[in-house]
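Chemist: query05.txt is reproduced in full below (compact mmCIF, C-alpha atoms).
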# COMPACT_ATOMS: atom_id res chain seq x y z
CA MET A 298 24.89 23.31 28.51
CA LYS A 299 22.23 20.94 27.14
CA LYS A 300 21.89 23.01 23.96
CA LEU A 301 25.67 23.00 23.56
CA ILE A 302 25.81 19.22 23.88
CA THR A 303 22.94 18.82 21.41
CA ALA A 304 24.72 21.06 18.90
CA TYR A 305 28.09 19.26 19.10
CA LEU A 306 26.95 15.67 19.59
CA PRO A 307 26.36 15.00 15.85
CA LEU A 308 29.88 16.23 15.06
CA ILE A 309 31.34 13.97 17.76
CA TYR A 310 29.53 11.01 16.21
CA GLY A 311 30.80 12.10 12.80
CA LYS A 312 34.41 12.27 13.94
CA TYR A 313 34.08 8.78 15.41
CA PHE A 314 32.61 7.29 12.22
CA ASN A 315 35.19 9.08 10.06
CA ALA A 316 38.04 7.71 12.17
CA LEU A 317 36.47 4.26 12.15
CA SER A 318 36.26 4.28 8.35
CA HIS A 319 40.07 4.25 8.13
CA LEU A 320 40.05 0.90 9.93
CA SER A 321 36.89 -0.59 8.42
CA LYS A 322 34.61 1.26 6.03
CA LYS A 323 32.02 -1.51 6.33
CA TYR A 324 31.89 -1.37 10.13
CA ALA A 325 31.83 2.43 10.15
CA ALA A 326 28.86 2.34 7.77
CA LYS A 327 27.02 -0.16 9.96
CA LYS A 328 27.45 2.02 13.04
CA ALA A 329 26.48 5.15 11.10
CA PHE A 330 23.29 3.47 9.86
CA GLN A 331 22.40 2.30 13.37
CA THR A 332 22.75 5.88 14.60
CA PHE A 333 20.73 7.16 11.65
CA SER A 334 17.84 4.78 12.38
CA LYS A 335 17.86 5.30 16.16
CA VAL A 336 14.53 6.71 17.36
CA ARG A 337 14.87 9.25 20.18
CA LYS A 338 11.32 10.56 20.50
CA GLY A 339 7.78 9.44 19.74
CA ARG A 340 6.85 7.34 22.76
CA VAL A 341 3.37 7.93 24.21
CA LEU A 342 3.34 10.96 26.50
CA PRO A 343 1.20 11.13 29.67
CA GLU A 344 -1.24 13.56 28.07
CA GLN A 345 -1.76 11.18 25.12
CA VAL A 346 -2.59 8.07 27.14
CA ALA A 347 -6.32 8.58 27.72
CA PHE A 348 -7.11 9.21 24.06
CA LEU A 349 -5.16 6.18 22.82
CA ASN A 350 -6.33 3.82 25.56
CA ARG A 351 -9.92 4.23 24.38
CA ALA A 352 -8.92 2.61 21.09
CA ARG A 353 -6.07 0.21 21.93
CA MET A 354 -6.67 -3.07 20.18
CA ALA A 355 -4.40 -5.92 19.21
CA VAL A 356 -0.64 -6.19 19.50
CA GLU A 357 0.59 -7.22 16.06
CA LYS A 358 3.70 -9.41 15.85
CA VAL A 359 5.64 -8.36 12.76
CA ALA A 360 9.35 -8.64 11.84
CA ASP A 361 10.42 -9.45 15.41
CA HIS A 362 8.46 -6.45 16.70
CA GLN A 363 5.28 -6.03 18.70
CA LEU A 364 3.21 -3.27 17.14
CA GLN A 365 0.40 -1.58 19.01
CA SER A 366 -2.69 -1.13 16.86
CA TYR A 367 -5.80 0.98 17.47
CA LEU A 368 -9.40 0.80 16.31
CA TRP A 369 -12.10 3.46 16.17
CA ARG A 370 -14.99 1.39 14.86
CA GLY A 371 -17.30 2.63 12.09
CA THR A 372 -19.62 1.14 9.48
CA LYS A 373 -18.10 2.64 6.32
CA GLU A 374 -14.81 1.92 4.54
CA THR A 375 -11.65 1.24 6.55
CA VAL A 376 -9.08 4.04 6.69
CA LEU A 377 -5.52 3.12 7.74
CA LEU A 378 -3.45 5.91 9.33
CA VAL A 379 0.37 5.87 9.06
CA HIS A 380 2.27 8.35 11.22
CA GLY A 381 5.71 9.86 10.62
CA TRP A 382 9.17 9.79 12.21
CA GLU A 383 9.35 10.22 16.00
CA SER A 384 5.58 10.44 16.30
CA ASN A 385 2.80 7.96 17.17
CA SER A 386 -0.88 7.33 16.50
CA PHE A 387 -1.94 10.23 18.73
CA ARG A 388 -0.87 12.61 15.95
CA TRP A 389 -4.12 11.71 14.14
CA ARG A 390 -6.43 12.92 16.93
CA ASN A 391 -7.88 15.85 14.92
CA LEU A 392 -8.39 13.86 11.72
CA ILE A 393 -9.98 11.00 13.66
CA GLU A 394 -12.78 13.35 14.79
CA PHE A 395 -13.54 14.16 11.15
CA LEU A 396 -13.41 10.50 10.11
CA GLN A 397 -15.69 9.48 12.98
CA LYS A 398 -18.30 12.05 11.94
CA GLU A 399 -18.41 10.29 8.57
CA ASP A 400 -18.56 6.88 10.31
CA TYR A 401 -15.40 5.47 8.73
CA ASN A 402 -13.78 2.41 10.28
CA ILE A 403 -10.39 3.70 11.47
CA ILE A 404 -7.21 1.69 12.05
CA ALA A 405 -3.89 3.11 13.23
CA PHE A 406 -0.67 1.59 14.53
CA ASP A 407 2.56 2.69 16.17
CA ALA A 408 5.68 2.10 14.07
CA PRO A 409 8.61 0.13 15.51
CA ALA A 410 10.32 2.13 18.30
CA HIS A 411 7.36 4.54 18.42
CA GLY A 412 4.35 4.86 20.68
CA HIS A 413 3.62 1.62 22.52
CA SER A 414 5.45 -0.55 19.95
CA SER A 415 8.70 -2.39 20.64
CA GLY A 416 12.20 -1.60 19.39
CA GLN A 417 14.75 1.18 19.34
CA ARG A 418 15.31 1.72 15.61
CA MET A 419 13.19 2.25 12.53
CA HIS A 420 13.75 2.76 8.80
CA VAL A 421 11.51 2.81 5.74
CA PRO A 422 12.06 -0.82 4.61
CA LEU A 423 11.14 -2.07 8.11
CA TYR A 424 8.15 0.27 8.27
CA THR A 425 7.06 -1.04 4.86
CA VAL A 426 7.03 -4.64 6.12
CA CYS A 427 4.87 -3.52 9.06
CA LEU A 428 2.53 -1.56 6.80
CA HIS A 429 2.14 -4.55 4.49
CA HIS A 430 1.03 -6.68 7.44
CA MET A 431 -1.61 -4.10 8.37
CA VAL A 432 -2.87 -3.78 4.79
CA GLU A 433 -3.10 -7.54 4.35
CA LYS A 434 -4.87 -8.06 7.67
CA TYR A 435 -7.31 -5.13 7.75
CA LYS A 436 -7.90 -4.54 4.01
CA PRO A 437 -8.19 -0.74 4.12
CA SER A 438 -9.77 1.09 1.21
CA TYR A 439 -7.87 4.26 2.05
CA VAL A 440 -4.43 4.99 3.50
CA VAL A 441 -3.59 8.39 4.99
CA ALA A 442 0.07 8.98 5.82
CA HIS A 443 2.20 11.76 7.23
CA SER A 444 5.86 12.58 6.48
CA VAL A 445 8.03 9.41 6.46
CA GLY A 446 4.79 7.47 6.73
CA GLY A 447 3.91 8.84 3.28
CA MET A 448 7.28 7.82 1.87
CA THR A 449 6.70 4.35 3.31
CA THR A 450 3.17 4.13 1.93
CA LEU A 451 4.23 5.01 -1.62
CA TYR A 452 7.12 2.56 -1.48
CA HIS A 453 4.70 -0.11 -0.23
CA GLN A 454 2.32 0.61 -3.10
CA TYR A 455 5.25 0.26 -5.52
CA LYS A 456 6.25 -3.10 -4.03
CA HIS A 457 2.67 -4.38 -3.60
CA PRO A 458 0.48 -2.75 -6.27
CA ILE A 459 -2.32 -5.31 -5.87
CA SER A 460 -4.20 -4.77 -2.62
CA SER A 461 -7.44 -3.43 -1.18
CA VAL A 462 -6.16 0.17 -1.28
CA GLU A 463 -8.12 2.48 -3.58
CA LYS A 464 -6.84 5.90 -2.48
CA ILE A 465 -3.71 7.26 -0.78
CA VAL A 466 -3.25 10.62 0.94
CA THR A 467 0.23 11.88 1.84
CA ILE A 468 0.92 14.91 4.03
CA GLY A 469 4.29 16.68 4.04
CA SER A 470 6.18 13.62 2.82
CA PRO A 471 9.80 13.40 1.60
CA SER A 472 10.61 11.76 -1.71
CA GLU A 473 14.33 11.37 -2.38
CA ASN A 474 16.43 9.22 -0.07
CA HIS A 475 19.62 10.91 -1.28
CA GLU A 476 18.36 14.24 0.09
CA ILE A 477 17.82 12.68 3.50
CA MET A 478 21.27 11.09 3.46
CA ASP A 479 22.88 14.32 2.20
CA HIS A 480 21.41 16.07 5.23
CA TYR A 481 22.75 13.32 7.49
CA GLN A 482 26.21 13.68 5.95
CA LYS A 483 26.23 17.44 6.48
CA LEU A 484 24.86 17.18 10.03
CA LEU A 485 27.63 14.79 11.10
CA ASN A 486 30.27 16.04 8.64
CA LEU A 487 30.81 12.49 7.39
CA ASN A 488 33.63 11.78 4.95
CA GLU A 489 33.13 10.12 1.57
CA ALA A 490 34.43 6.76 2.82
CA VAL A 491 31.58 6.54 5.33
CA MET A 492 29.03 7.57 2.70
CA GLU A 493 30.35 5.00 0.22
CA GLY A 494 30.11 2.41 2.96
CA LEU A 495 26.55 3.49 3.77
CA ASP A 496 25.57 3.15 0.12
CA GLN A 497 27.00 -0.37 0.02
CA TYR A 498 25.39 -1.26 3.36
CA ILE A 499 21.95 -0.10 2.20
CA GLN A 500 22.24 -1.91 -1.13
CA GLU A 501 23.37 -5.13 0.57
CA HIS A 502 20.60 -5.11 3.18
CA PHE A 503 17.67 -3.56 1.28
CA GLY A 504 18.33 -4.10 -2.41
CA PHE A 505 18.68 -0.49 -3.59
CA THR A 506 21.26 2.27 -3.49
CA ILE A 507 20.74 5.61 -1.77
CA GLN A 508 20.17 7.27 -5.15
CA GLU A 509 17.74 4.61 -6.39
CA PHE A 510 15.22 5.02 -3.56
CA SER A 511 12.87 7.69 -4.85
CA THR A 512 9.11 7.82 -4.39
CA SER A 513 8.89 10.29 -7.27
CA LYS A 514 10.13 7.41 -9.44
CA PHE A 515 8.10 4.71 -7.68
CA VAL A 516 4.79 6.47 -8.38
CA LYS A 517 5.27 6.31 -12.14
CA THR A 518 3.58 2.91 -12.02
CA ASN A 519 1.00 3.89 -9.37
CA ALA A 520 -2.45 3.53 -10.88
CA ILE A 521 -4.62 4.39 -7.86
CA LYS A 522 -5.93 7.82 -6.87
CA GLY A 523 -3.79 10.08 -4.71
CA LEU A 524 -3.96 13.35 -2.84
CA LEU A 525 -0.83 15.19 -1.71
CA PHE A 526 -0.66 18.01 0.82
CA HIS A 527 2.52 20.01 1.34
CA ASP A 528 3.17 23.40 2.86
CA LYS A 529 5.47 25.77 0.99
CA LEU A 530 7.09 26.80 4.30
CA ASP A 531 7.58 23.25 5.61
CA ASN A 532 10.93 23.33 7.45
CA ILE A 533 11.15 19.54 7.91
CA THR A 534 10.60 18.10 4.45
CA PRO A 535 11.12 20.10 1.23
CA PHE A 536 8.08 21.32 -0.67
CA HIS A 537 9.61 20.21 -3.96
CA ALA A 538 9.36 16.57 -2.80
CA SER A 539 5.58 16.48 -3.24
CA GLU A 540 5.85 18.55 -6.42
CA ALA A 541 8.09 15.85 -7.91
CA VAL A 542 5.83 13.02 -6.77
CA HIS A 543 2.72 14.73 -8.15
CA ALA A 544 4.44 15.32 -11.51
CA ASN A 545 4.95 11.57 -11.93
CA TRP A 546 1.75 10.29 -10.28
CA LYS A 547 -0.83 10.27 -13.02
CA ASN A 548 -3.95 10.08 -10.85
CA SER A 549 -2.88 12.49 -8.11
CA ILE A 550 -4.13 15.85 -6.88
CA PHE A 551 -1.69 18.28 -5.24
CA ILE A 552 -2.82 20.84 -2.67
CA ALA A 553 -0.14 23.38 -1.77
CA THR A 554 -0.58 25.42 1.40
CA GLU A 555 1.41 28.25 2.95
CA GLY A 556 1.93 28.78 6.66
CA LEU A 557 0.37 25.55 7.95
CA GLY A 558 3.70 23.94 8.85
CA HIS A 559 4.78 20.31 8.70
CA SER A 560 2.17 18.61 10.88
CA MET A 561 -0.92 20.06 9.13
CA HIS A 562 -3.55 19.26 11.75
CA GLN A 563 -5.75 22.16 10.64
CA ASP A 564 -9.49 21.75 9.94
CA LEU A 565 -9.03 23.04 6.39
CA VAL A 566 -6.70 20.15 5.60
CA ASN A 567 -8.95 17.58 7.24
CA GLU A 568 -12.04 18.87 5.43
CA GLN A 569 -10.33 18.63 2.03
CA LEU A 570 -9.03 15.18 2.92
CA ILE A 571 -12.53 13.95 3.81
CA ASP A 572 -13.92 15.39 0.56
CA PHE A 573 -11.30 13.42 -1.38
CA LEU A 574 -12.20 10.16 0.39
CA LYS A 575 -15.92 10.71 -0.20
CA ALA A 576 -15.58 11.70 -3.87
So, in terms of structure tokens, how does the structure I just supplied come out?
Modeler:
Amino acid sequence: MKKLITAYLPLIYGKYFNALSHLSKKYAAKKAFQTFSKVRKGRVLPEQVAFLNRARMAVEKVADHQLQSYLWRGTKETVLLVHGWESNSFRWRNLIEFLQKEDYNIIAFDAPAHGHSSGQRMHVPLYTVCLHHMVEKYKPSYVVAHSVGGMTTLYHQYKHPISSVEKIVTIGSPSENHEIMDHYQKLLNLNEAVMEGLDQYIQEHFGFTIQEFSTSKFVKTNAIKGLLFHDKLDNITPFHASEAVHANWKNSIFIATEGLGHSMHQDLVNEQLIDFLKA
């Protein structure tokens, strides 16, 4: 029964938004965006508590949110870790071991509505504001980001090209917002009126259209060094996303893998990542 509900729930939402669009396209779009940005997973699980509690640091107040930050102290450069959608800072546990061996100073934080941070919803523009706070406060030399965290990091670099950041690593990150919204439309079977309303809603609130938000375009002006990992069999974000970003990012290196999945916690990935930071 639970699987049946999970399968049909998106279509029920879609029918509601489609019907609503006949009365008010603007209101239907608002409700559709709220559902899109609703975070349903990613809070700290019981088995994650002990690891994170050893590093819990300040609670950062940003954009009406309280963000939990973490510190694993080291004497070398500061590395800022940016997790993905419906995850939290625990996802970096394997990489943190590698970074600690090299004595890097490590900062991580839970995104809004994730981990120990406040809120129920999250989207890239909000995540970017939070990331900017962390960059300004902790002055990292390196930023390592996974999935939507990578999309956020590259958008942040586009908006704020002058900072302490010298190198960026992205892992399994999406690039084109229109691909994400196309998937959302298909999942809920949304009509064109709702999608037109969503485009207008996003432009009004964030200053860009669905089509305009593209990290493969943003990186054309990115002058710092980058490393991109993406698995050819990634079933969450398309492999061609990192291909497109790499093609336009002049100072980037692209490492394609096969069979490592979306999360890419493997030692091989972490070893290559550390080599890039040390180079």
Chemist: Please determine, counting only C-alpha atoms, which residue among A:Gln482, A:Gln497, A:Gln331, A:Asn385 has the shortest atom-to-atom distance to Lys312 in chain A.
Modeler: A:Gln482
Chemist: Can you work out which one of A:Ala329, A:Ser444, A:Ser511, A:Ala490 has the shortest atom-to-atom distance to Phe536 in chain A, counting only C-alpha atoms?
Modeler: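 Counting only C-alpha atoms, the residue closest to Phe536 in chain A is A:Ser444.
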Chemist: Which residue gives the smallest distance to Asn519 in chain A among A:Pro458, A:Pro422, A:Gly447, A:Gly494, with all atoms listed in the file counted?
Modeler: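 Selected residue with least distance to Asn519 in chain A: A:Pro458.
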Chemist: Which is closer to Phe551 in chain A than all the others in A:Ala410, A:Leu487, A:Leu368, A:Leu524, using only C-alpha atoms?
Modeler: A:Leu524
Chemist: Any chance you could tabulate, as JSON lines, the residues of range 352-391 of chain A at most 10 Å from range 431-436 of chain A with each one's nearest atom pair and distance in Å to one decimal, using all atoms listed in the file, in chain and rising number order?
Modeler:
{"residue": "A:Glu357", "atom": "CA", "partner": "A:Met431", "partner_atom": "CA", "distance": 8.6}
{"residue": "A:Val359", "atom": "CA", "partner": "A:Met431", "partner_atom": "CA", "distance": 9.5}
{"residue": "A:Ser366", "atom": "CA", "partner": "A:Met431", "partner_atom": "CA", "distance": 9.1}
{"residue": "A:Glu374", "atom": "CA", "partner": "A:Lys436", "partner_atom": "CA", "distance": 9.5}
{"residue": "A:Thr375", "atom": "CA", "partner": "A:Lys436", "partner_atom": "CA", "distance": 7.3}
{"residue": "A:Val376", "atom": "CA", "partner": "A:Lys436", "partner_atom": "CA", "distance": 9.1}
{"residue": "A:Leu377", "atom": "CA", "partner": "A:Val432", "partner_atom": "CA", "distance": 8.0}
Chemist: Just want the 8 Å neighbourhood of Val440 in chain A, counted on all atoms listed in the file, with same-chain residues fewer than 4 positions away dropped. Output as a PDB file with C-alpha atoms, keeping the file's coordinate frame.
Modeler:
ATOM      1  CA  VAL A 376      -9.080   4.040   6.690  1.00  0.00           C
ATOM      2  CA  LEU A 377      -5.520   3.120   7.740  1.00  0.00           C
ATOM      3  CA  LEU A 378      -3.450   5.910   9.330  1.00  0.00           C
ATOM      4  CA  VAL A 379       0.370   5.870   9.060  1.00  0.00           C
ATOM      5  CA  THR A 450       3.170   4.130   1.930  1.00  0.00           C
ATOM      6  CA  VAL A 462      -6.160   0.170  -1.280  1.00  0.00           C
ATOM      7  CA  LYS A 464      -6.840   5.900  -2.480  1.00  0.00           C
ATOM      8  CA  ILE A 465      -3.710   7.260  -0.780  1.00  0.00           C
ATOM      9  CA  VAL A 466      -3.250  10.620   0.940  1.00  0.00           C
TER      10      VAL A 466
END
Chemist: What is the CA of Asp479 in chain A-CA of Phe515 in chain A distance in Å, reported with one decimal?
Modeler: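 Atom-to-atom, CA of Asp479 in chain A to CA of Phe515 in chain A, that is 20.2 Å.
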Chemist: Can you list, as a count of residues only, every protein, DNA or RNA residue that comes within 12 Å of Val356 in chain A when you count all atoms listed in the file, leaving out same-chain residues fewer than 5 positions away?
Modeler: 16
Chemist: Please identify all polymer residues within 8 Å of His453 in chain A, counting only C-alpha atoms, omitting same-chain residues fewer than 6 positions from it, and present them as a ChimeraX atom specification.
Modeler: /A:425,428-429
Chemist: Could you check the closest approach to His411 in chain A for each of A:Gly469, A:Gly504, A:Gly371, A:Gly381 and tell me which residue wins, using only C-alpha atoms?
Modeler: A:Gly381
Chemist: Considering all atoms listed in the file, state which residue in the set A:Met419, A:Ala347, A:Ala553, A:Ala325 is at the smallest distance from Tyr498 in chain A.
Modeler: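 Residue with the minimum atom-to-atom distance to Tyr498 in chain A: A:Ala325.
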Chemist: What lies within 7 Å of range 547-550 of chain A using all atoms listed in the file, ignoring chain neighbours under 2 positions off, as a list in words?
Modeler: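 Close residues of range 547-550 of chain A: Ala520, Ile521, Lys522, Gly523, Leu524, Leu525, His543, Asn545 and Ile552 of chain A.
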Chemist: Just how far from CA of Phe333 in chain A is CA of Leu495 in chain A, in Å to one decimal?
Modeler: 10.5 Å
Chemist: Starting from the point (18.8, 11.3, 3.8), work out which residues of protein, DNA or RNA have an atom no more than 12 Å away when counting only C-alpha atoms; state them as a PyMOL selection string.
Modeler: chain A and resi 330+333-334+420-421+445+471-485+492+495-496+499+506-508+510-511+533-535
Chemist: With 10 Å as the threshold, what does the neighbourhood of (9.6, 5.4, -9.5) contain in terms of residues, counting only C-alpha atoms? Coordinates are those of the file; answer as a list of chain:residue names.
Modeler: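 Within the cut-off we find A:Leu451, A:Tyr452, A:Tyr455, A:Glu509, A:Phe510, A:Ser511, A:Thr512, A:Ser513, A:Lys514, A:Phe515, A:Val516, A:Lys517, A:Thr518, A:Asn519, A:Val542, A:Asn545, A:Trp546.
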